[in-house]
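*Asks:* One structure follows; several queries about it will come next.
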Amino acid sequence: MFISNFRNSDEYRSKIHDLIPGGSHTYSKGDDQWPTLAPAAIARGKGAYVWDLDNNQFLDCSMGLSSVSLGHAYEPVLNEVRKELEKGCNFQRPSYIEKEMSEKFLALLPGHQMVKFAKNGSTATTAAVKLARAFTGRNLVAIPTDHPFYSYDDWFIGKTACSRGVPEQVTKLSLGFDSKDLTTLAKLFADYPKQIAAVISEPERVFPMDENYLTKIISMSHKNGAIFIQDEMVTGYKTAFPGTMTKPGSPIPDMATWGKGIANGFSFCALTGKKEIMELGGIRNEGEEKLFLISSTHGGETHAVRAAIATLEEFQKHNVIAHNHKLGHSLINTTSKIIESKGLSKNIKVTSTDWMPAFMFLDRTGKSSDGLRTLAMQEMIKRGVLFQGIFVPCFSHTVKDVDVFTSAFSEMCDLFSNALEKGFESFLVGPPAKAVFRKHL
């Protein structure tokens with residue numbers, strides 16, 4: 001039986017944009033990112049499932065934009081959070097728990113001796129950029145233009161299509177390169193000698209990268225006197241535990257930023273790095289000019305820190321990474337066979353990344369199609385799968401849940417074939433979803 005009742009969601013949608021700019025506190029959760037026939041808001045979640053305002057149940061595919069690594073309302077984490085809340089959540093001085101989390105997390109990271117907590121990823125990446133500038137005495141930052149998001153702060157947003165409100169003088173301080181072609185980064189170093197303070201990049205992507213990418217980019221950065229910032233916001237607690245930087249043979253970055261997944265959905269992020277760099281944000285070197293790093297009233301909220309500790313301990317207790325990768329691998333294999341059996345290999349692609357399979361939807365000319373992607377989302381949602389183009393395995397997902405996904409996926413593919421012939425407009429209700437980073441609404 002298809003899900004068709006979105007009455008309460010429609011009412012919610014009709015009012016929310018008068019209250020919140022964009023209708024959401026995260027643009028990628030906004031109405032323009034989803035089909036018309038989709039839940040407007042989530043009422044609750046448990047394990048790998050969520051329920052909307054109309055009590056429709058959905059298998060969750062992106063798990064809180066990949067921040068929920070164990071499962072919604074995961075009891076072992078909630079139990080620890082409840083106990084911590086009984087002690088209070090915010091104080092005039094640091095809480096004892098900050099030392100506990102710092103020691104536990106840093107013990108997992110080779111070559112990083114200090115950590116700073118934050119409430120969101122943008123704060124962490126911006127702090128890393130500030131440290132790099134202070135450490136090198138340089139101003140410019142090199143960022144991959146083929147990555148969708150590093151920060152909502154001006155140094156990054158000014159280089160996207162959504163640059164409105166960012167002074168041109170600030171925009172010029174950031175330089176773009178193509179992570180798929182590091183000769184573009186080499187050219188930046190040649191064009192701006194001794195001016196680039198930092199290079200920031202993810203260590204892995206869902207799309208294929210050079211297997212020696214990290215070694216090459218870190219070597220190039222250091223050769224030119226720049227700091228390398230490894231953004232593990234997405235890869236952390238997914239590619240490996242705690243992240244790609246701990247994989248055998250992986251080179252050590254100067255700093256790393258962490259967020260999605262490390263506290264199972266609670267607001268907790270971190271910046272880690274080598275002591276000689278991180279200490280610039282300290283207060284022990286009397287007489288030196290002060291660097292104002294991260295300073296957040298809520299940065300050390302005890303319940304969020306406890307959630308991070310509990311999540312870390314669950315990953316240590318259980319082989320969460322292996323569980324998640326096994327499910328991701330199974331989903332990739334099954335959906336690939338479905339795609340091939342239905343003759344859609346030229347129009348639906350799935351990446352080979354077990355930690356986060358991603359799907360691409362192409363028209364008959366081989367071009368990416370927002371309309372076809374939105375139709376795929378609509379049909380998956382209709383079948384009880386809250387799908388936006390990726391599947392993020394979490395510890396609460398089961399083999400049965402993968403079956404739920406692939407069954408809905410198979411049925412969706414049948415309609416997708418018809419849409420290729422007749423046009424998605426014949427099947428899609430409402431307009432196609434739009435890109436978050438676009439020049440005009």
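Identifiers for the structure tokens are assigned positionally: chains receive A, B, ... in sequence, residues are indexed from 1 per chain, and ligands are indexed from 1 in the order shown.
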Would you list, as a list of chain:residue names, the residues of range 170-318 of chain A that end up in strand (DSSP E or B) under DSSP run on this structure's backbone?
*Replies:* A:Ser174, A:Leu175, A:Gly176, A:Phe177, A:Ile196, A:Ala197, A:Ala198, A:Val199, A:Ile200, A:Ser201, A:Ile227, A:Phe228, A:Ile229, A:Gln230, A:Asp231, A:Gly236, A:Ala240, A:Met255, A:Ala256, A:Thr257, A:Trp258, A:Cys269, A:Ala270, A:Leu271, A:Thr272, A:Gly273
*Asks:* Extract, using only C-alpha atoms, all DNA, RNA and protein residues at most 6 Å from range 189-199 of chain A, discarding same-chain residues fewer than 6 positions from it, and format them as an MDAnalysis selection string.
*Replies:* chainID A and resid 132:133 136 138:142 226:228
*Asks:* So which one's closest to Cys394 in chain A, A:Phe149, A:Tyr49, A:Phe424, A:Phe105? Using only C-alpha atoms, please.
*Replies:*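 Smallest distance to Cys394 in chain A is found for A:Tyr49.
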*Asks:* Find the nearest atom pair between each residue of range 91-124 of chain A and range 290-303 of chain A for residues within 12 Å, count only C-alpha atoms, give distances in Å to one decimal, sort rows by chain and ascending number, and present the table as a tab-separated table.
*Replies:*
residue	atom	partner	partner_atom	distance
A:Phe91	CA	A:Glu301	CA	8.5
A:Gln92	CA	A:Thr297	CA	9.3
A:Arg93	CA	A:Gly300	CA	9.9
A:Pro94	CA	A:Gly300	CA	7.1
A:Ser95	CA	A:Thr302	CA	7.0
A:Tyr96	CA	A:Thr302	CA	8.9
A:Ile97	CA	A:Thr302	CA	6.8
A:Glu98	CA	A:Gly300	CA	6.7
A:Lys99	CA	A:Gly300	CA	10.4
A:Glu100	CA	A:Thr302	CA	11.1
A:Met101	CA	A:Gly300	CA	10.2
A:Ser102	CA	A:Gly300	CA	11.1
A:Val115	CA	A:Ile294	CA	10.9
A:Lys116	CA	A:Ile294	CA	7.4
A:Phe117	CA	A:Gly299	CA	5.8
A:Ala118	CA	A:Gly299	CA	4.9
A:Lys119	CA	A:Gly299	CA	5.6
A:Asn120	CA	A:Gly299	CA	9.2
A:Gly121	CA	A:Ile294	CA	11.8
A:Ser122	CA	A:Ile294	CA	11.1
A:Thr123	CA	A:Ile294	CA	7.3
A:Ala124	CA	A:Ile294	CA	7.8
*Asks:* So that I have them on file, write out the residues from the current selection with C-alpha atoms, as a tab-separated table (two decimals), in the first residue's frame.
*Replies:*
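What landed in out-v7.tsv:
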chain	number	residue	atom	x	y	z
A	91	PHE	CA	28.40	25.66	34.17
A	92	GLN	CA	30.48	28.76	34.91
A	93	ARG	CA	33.67	26.72	34.62
A	94	PRO	CA	34.47	23.76	32.36
A	95	SER	CA	32.84	20.46	33.26
A	96	TYR	CA	35.00	17.52	34.33
A	97	ILE	CA	33.65	15.60	31.33
A	98	GLU	CA	35.58	17.77	28.87
A	99	LYS	CA	38.87	16.24	30.05
A	100	GLU	CA	37.44	12.73	29.78
A	101	MET	CA	36.30	13.20	26.17
A	102	SER	CA	39.54	14.95	25.17
A	115	VAL	CA	41.38	19.18	20.63
A	116	LYS	CA	38.82	21.98	20.70
A	117	PHE	CA	35.07	21.31	20.89
A	118	ALA	CA	32.39	23.06	18.83
A	119	LYS	CA	28.65	22.81	18.22
A	120	ASN	CA	28.76	22.71	14.42
A	121	GLY	CA	31.16	21.82	11.64
A	122	SER	CA	31.44	25.32	10.21
A	123	THR	CA	32.87	26.59	13.49
A	124	ALA	CA	35.52	23.87	13.47
*Asks:* With only C-alpha atoms as the counted atoms, please give the residues lying no more than 12 Å from Lys159 in chain A, apart from itself and same-chain residues fewer than 5 positions off, as number ranges by chain.
*Replies:* A: 141-154, 164-177, 437-439
*Asks:* List every residue of range 21-131 of chain A that DSSP, applied to the backbone, labels as alpha helix (DSSP H), and write the result as an MDAnalysis selection string.
*Replies:* chainID A and resid 63:66 75:85 97:106 121:131
*Asks:* Write a file of the just-selected residues containing N, CA, C and O atoms, as a CSV table (one decimal), in the first residue's frame.
*Replies:*
chain,number,residue,atom,x,y,z
A,63,MET,N,19.9,9.3,7.6
A,63,MET,CA,20.2,9.3,9.1
A,63,MET,C,20.7,10.6,9.6
A,63,MET,O,21.8,10.8,10.0
A,64,GLY,N,19.8,11.6,9.5
A,64,GLY,CA,20.1,12.9,10.1
A,64,GLY,C,21.3,13.6,9.3
A,64,GLY,O,22.2,14.1,9.9
A,65,LEU,N,21.2,13.5,8.0
A,65,LEU,CA,22.3,14.1,7.1
A,65,LEU,C,23.6,13.4,7.5
A,65,LEU,O,24.7,14.0,7.5
A,66,SER,N,23.6,12.1,7.8
A,66,SER,CA,24.7,11.2,8.1
A,66,SER,C,25.3,11.4,9.5
A,66,SER,O,26.3,10.9,9.8
A,75,GLU,N,19.4,3.5,22.6
A,75,GLU,CA,19.3,3.4,24.1
A,75,GLU,C,20.6,3.5,24.8
A,75,GLU,O,20.7,4.2,25.8
A,76,PRO,N,21.7,2.8,24.4
A,76,PRO,CA,22.9,2.9,25.2
A,76,PRO,C,23.5,4.3,25.3
A,76,PRO,O,24.1,4.7,26.3
A,77,VAL,N,23.3,5.1,24.2
A,77,VAL,CA,23.7,6.5,24.3
A,77,VAL,C,22.7,7.3,25.1
A,77,VAL,O,23.1,8.1,26.0
A,78,LEU,N,21.4,7.1,24.9
A,78,LEU,CA,20.4,7.9,25.6
A,78,LEU,C,20.5,7.6,27.1
A,78,LEU,O,20.4,8.6,27.9
A,79,ASN,N,20.8,6.4,27.5
A,79,ASN,CA,21.0,6.1,29.0
A,79,ASN,C,22.1,7.0,29.6
A,79,ASN,O,21.9,7.5,30.7
A,80,GLU,N,23.2,7.1,28.9
A,80,GLU,CA,24.3,7.8,29.4
A,80,GLU,C,24.0,9.3,29.4
A,80,GLU,O,24.4,10.1,30.4
A,81,VAL,N,23.3,9.8,28.4
A,81,VAL,CA,22.9,11.2,28.4
A,81,VAL,C,21.9,11.6,29.5
A,81,VAL,O,22.1,12.6,30.1
A,82,ARG,N,21.0,10.7,29.8
A,82,ARG,CA,20.0,10.9,30.8
A,82,ARG,C,20.7,11.1,32.2
A,82,ARG,O,20.4,12.0,33.0
A,83,LYS,N,21.7,10.2,32.4
A,83,LYS,CA,22.4,10.3,33.7
A,83,LYS,C,23.2,11.6,33.8
A,83,LYS,O,23.3,12.2,34.9
A,84,GLU,N,23.8,12.0,32.7
A,84,GLU,CA,24.6,13.2,32.7
A,84,GLU,C,23.7,14.4,32.9
A,84,GLU,O,24.1,15.4,33.6
A,85,LEU,N,22.5,14.4,32.3
A,85,LEU,CA,21.6,15.6,32.5
A,85,LEU,C,21.2,15.8,33.9
A,85,LEU,O,20.9,16.9,34.3
A,97,ILE,N,33.8,16.5,32.4
A,97,ILE,CA,33.7,15.6,31.3
A,97,ILE,C,34.4,16.0,30.1
A,97,ILE,O,34.8,15.2,29.2
A,98,GLU,N,34.8,17.3,30.0
A,98,GLU,CA,35.6,17.8,28.9
A,98,GLU,C,37.0,17.1,28.8
A,98,GLU,O,37.5,16.8,27.8
A,99,LYS,N,37.6,16.9,30.0
A,99,LYS,CA,38.9,16.2,30.0
A,99,LYS,C,38.7,14.8,29.6
A,99,LYS,O,39.6,14.2,28.9
A,100,GLU,N,37.7,14.1,30.1
A,100,GLU,CA,37.4,12.7,29.8
A,100,GLU,C,37.3,12.5,28.3
A,100,GLU,O,37.9,11.6,27.7
A,101,MET,N,36.5,13.3,27.6
A,101,MET,CA,36.3,13.2,26.2
A,101,MET,C,37.6,13.5,25.4
A,101,MET,O,38.0,12.8,24.5
A,102,SER,N,38.3,14.6,25.8
A,102,SER,CA,39.5,14.9,25.2
A,102,SER,C,40.5,13.8,25.2
A,102,SER,O,41.2,13.5,24.2
A,103,GLU,N,40.7,13.2,26.3
A,103,GLU,CA,41.7,12.1,26.5
A,103,GLU,C,41.3,10.9,25.6
A,103,GLU,O,42.1,10.3,25.0
A,104,LYS,N,40.0,10.5,25.7
A,104,LYS,CA,39.5,9.4,24.9
A,104,LYS,C,39.6,9.6,23.4
A,104,LYS,O,40.0,8.6,22.7
A,105,PHE,N,39.3,10.7,23.0
A,105,PHE,CA,39.3,11.0,21.5
A,105,PHE,C,40.7,11.1,21.0
A,105,PHE,O,41.1,10.5,20.0
A,106,LEU,N,41.5,11.9,21.7
A,106,LEU,CA,42.9,12.1,21.2
A,106,LEU,C,43.7,10.8,21.2
A,106,LEU,O,44.6,10.6,20.4
A,121,GLY,N,30.0,22.0,12.5
A,121,GLY,CA,31.2,21.8,11.6
A,121,GLY,C,31.8,23.1,11.1
A,121,GLY,O,33.0,23.2,11.0
A,122,SER,N,30.9,24.1,10.8
A,122,SER,CA,31.4,25.3,10.2
A,122,SER,C,32.4,26.0,11.2
A,122,SER,O,33.4,26.6,10.8
A,123,THR,N,32.0,26.0,12.5
A,123,THR,CA,32.9,26.6,13.5
A,123,THR,C,34.2,25.9,13.5
A,123,THR,O,35.3,26.6,13.6
A,124,ALA,N,34.3,24.6,13.4
A,124,ALA,CA,35.5,23.9,13.5
A,124,ALA,C,36.4,24.2,12.3
A,124,ALA,O,37.6,24.4,12.4
A,125,THR,N,35.8,24.1,11.1
A,125,THR,CA,36.6,24.4,9.9
A,125,THR,C,37.2,25.8,9.8
A,125,THR,O,38.3,26.1,9.4
A,126,THR,N,36.3,26.8,10.2
A,126,THR,CA,36.7,28.2,10.2
A,126,THR,C,37.9,28.4,11.3
A,126,THR,O,38.8,29.1,11.0
A,127,ALA,N,37.8,27.7,12.4
A,127,ALA,CA,38.8,27.8,13.4
A,127,ALA,C,40.1,27.2,12.9
A,127,ALA,O,41.2,27.8,13.1
A,128,ALA,N,40.0,26.1,12.1
A,128,ALA,CA,41.2,25.5,11.5
A,128,ALA,C,41.9,26.5,10.5
A,128,ALA,O,43.1,26.6,10.5
A,129,VAL,N,41.1,27.2,9.7
A,129,VAL,CA,41.6,28.1,8.8
A,129,VAL,C,42.3,29.3,9.5
A,129,VAL,O,43.4,29.7,9.1
A,130,LYS,N,41.7,29.8,10.6
A,130,LYS,CA,42.3,30.9,11.4
A,130,LYS,C,43.6,30.4,11.9
A,130,LYS,O,44.6,31.2,11.9
A,131,LEU,N,43.7,29.2,12.5
A,131,LEU,CA,45.0,28.7,13.0
A,131,LEU,C,46.1,28.7,12.0
A,131,LEU,O,47.2,29.0,12.2
*Asks:* Restrict the calculation to only C-alpha atoms, then for each residue of range 315-345 of chain A with any atom at most 10 Å from an atom of range 359-363 of chain A give the closest atom pair and their distance in Å to one decimal, rows by chain and rising residue number, as CSV.
*Replies:*
residue,atom,partner,partner_atom,distance
A:Ile332,CA,A:Phe359,CA,9.8
A:Thr335,CA,A:Phe359,CA,9.9
A:Leu344,CA,A:Leu362,CA,9.6
A:Ser345,CA,A:Leu362,CA,9.8
*Asks:* Can you work out the spacing between CA of His397 in chain A and CA of Asn324 in chain A in Å, to one decimal?
*Replies:*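 Computed distance, CA of His397 in chain A to CA of Asn324 in chain A, equals 7.9 Å.
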*Asks:* Name all residues at most 8 Å from Ile390 in chain A (count only C-alpha atoms; drop same-chain ones fewer than 2 positions away) and give them as a PyMOL selection string.
*Replies:* chain A and resi 61-62+356-359+387-388+392
*Asks:* What lies within 9 Å of Gly328 in chain A using only C-alpha atoms, ignoring chain neighbours under 2 positions off, as a VMD selection string?
*Replies:* chain A and resid 323 to 326 330 to 333 352 to 357 391 to 393 402
*Asks:* Neighbours of Glu411 in chain A within 9 Å (only C-alpha atoms; same-chain residues fewer than 5 positions away dropped), as a PyMOL selection string?
*Replies:* chain A and resi 379-380+383+406+416
*Asks:* Please dump the current selection as a short mmCIF file (atom, residue, chain, number, x, y, z; two decimals), in the first residue's frame; keep N, CA, C and O atoms.
*Replies:*
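The resulting file, result.cif, is shown below:
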data_model
loop_
_atom_site.label_atom_id
_atom_site.label_comp_id
_atom_site.auth_asym_id
_atom_site.auth_seq_id
_atom_site.Cartn_x
_atom_site.Cartn_y
_atom_site.Cartn_z
N GLU A 379 9.05 8.19 -5.70
CA GLU A 379 8.57 6.80 -5.75
C GLU A 379 9.12 5.98 -4.58
O GLU A 379 8.44 5.07 -4.09
N MET A 380 10.32 6.26 -4.12
CA MET A 380 10.86 5.58 -2.94
C MET A 380 10.09 5.99 -1.69
O MET A 380 9.73 5.14 -0.85
N ARG A 383 6.85 4.39 -1.23
CA ARG A 383 6.98 2.99 -0.79
C ARG A 383 7.60 2.86 0.60
O ARG A 383 8.07 1.79 0.99
N THR A 406 15.86 -2.26 -1.28
CA THR A 406 16.05 -2.80 -2.63
C THR A 406 14.73 -3.20 -3.28
O THR A 406 14.58 -3.10 -4.50
N PHE A 416 10.77 4.39 -13.49
CA PHE A 416 11.85 5.22 -14.03
C PHE A 416 12.05 4.94 -15.52
O PHE A 416 12.27 5.86 -16.31
#
*Asks:* Counting only C-alpha atoms, which residue out of A:Leu375, A:Val399, A:Ala48, A:Leu271 sits closest to Ser417 in chain A?
*Replies:* A:Leu375
*Asks:* Quick one: everything within 9 Å of Ile252 in chain A, counting only C-alpha atoms, minus sequence neighbours fewer than 6 positions away in the same chain. Send it as an NGL selection string.
*Replies:* :A and (110-112 or 218 or 230 or 245-246)
*Asks:* Any idea what the distance is between CA of Ala263 in chain A and CA of Ala307 in chain A?
*Replies:*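 If I compute the distance from CA of Ala263 in chain A to CA of Ala307 in chain A, I get 5.2 Å.
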*Asks:* Which one is closest to Arg7 in chain A: A:Thr398, A:Asn319, A:Asp52, A:Val429? Count only C-alpha atoms.
*Replies:*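 Using only C-alpha atoms, the shortest distance to Arg7 in chain A belongs to A:Asp52.
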*Asks:* Would you please work out which residue, of A:Ser69, A:Leu109, A:Ser201, A:Asp403, is nearest to Val320 in chain A when using only C-alpha atoms?
*Replies:*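 Once distances to Val320 in chain A are computed over only C-alpha atoms, the minimum belongs to A:Ser69.
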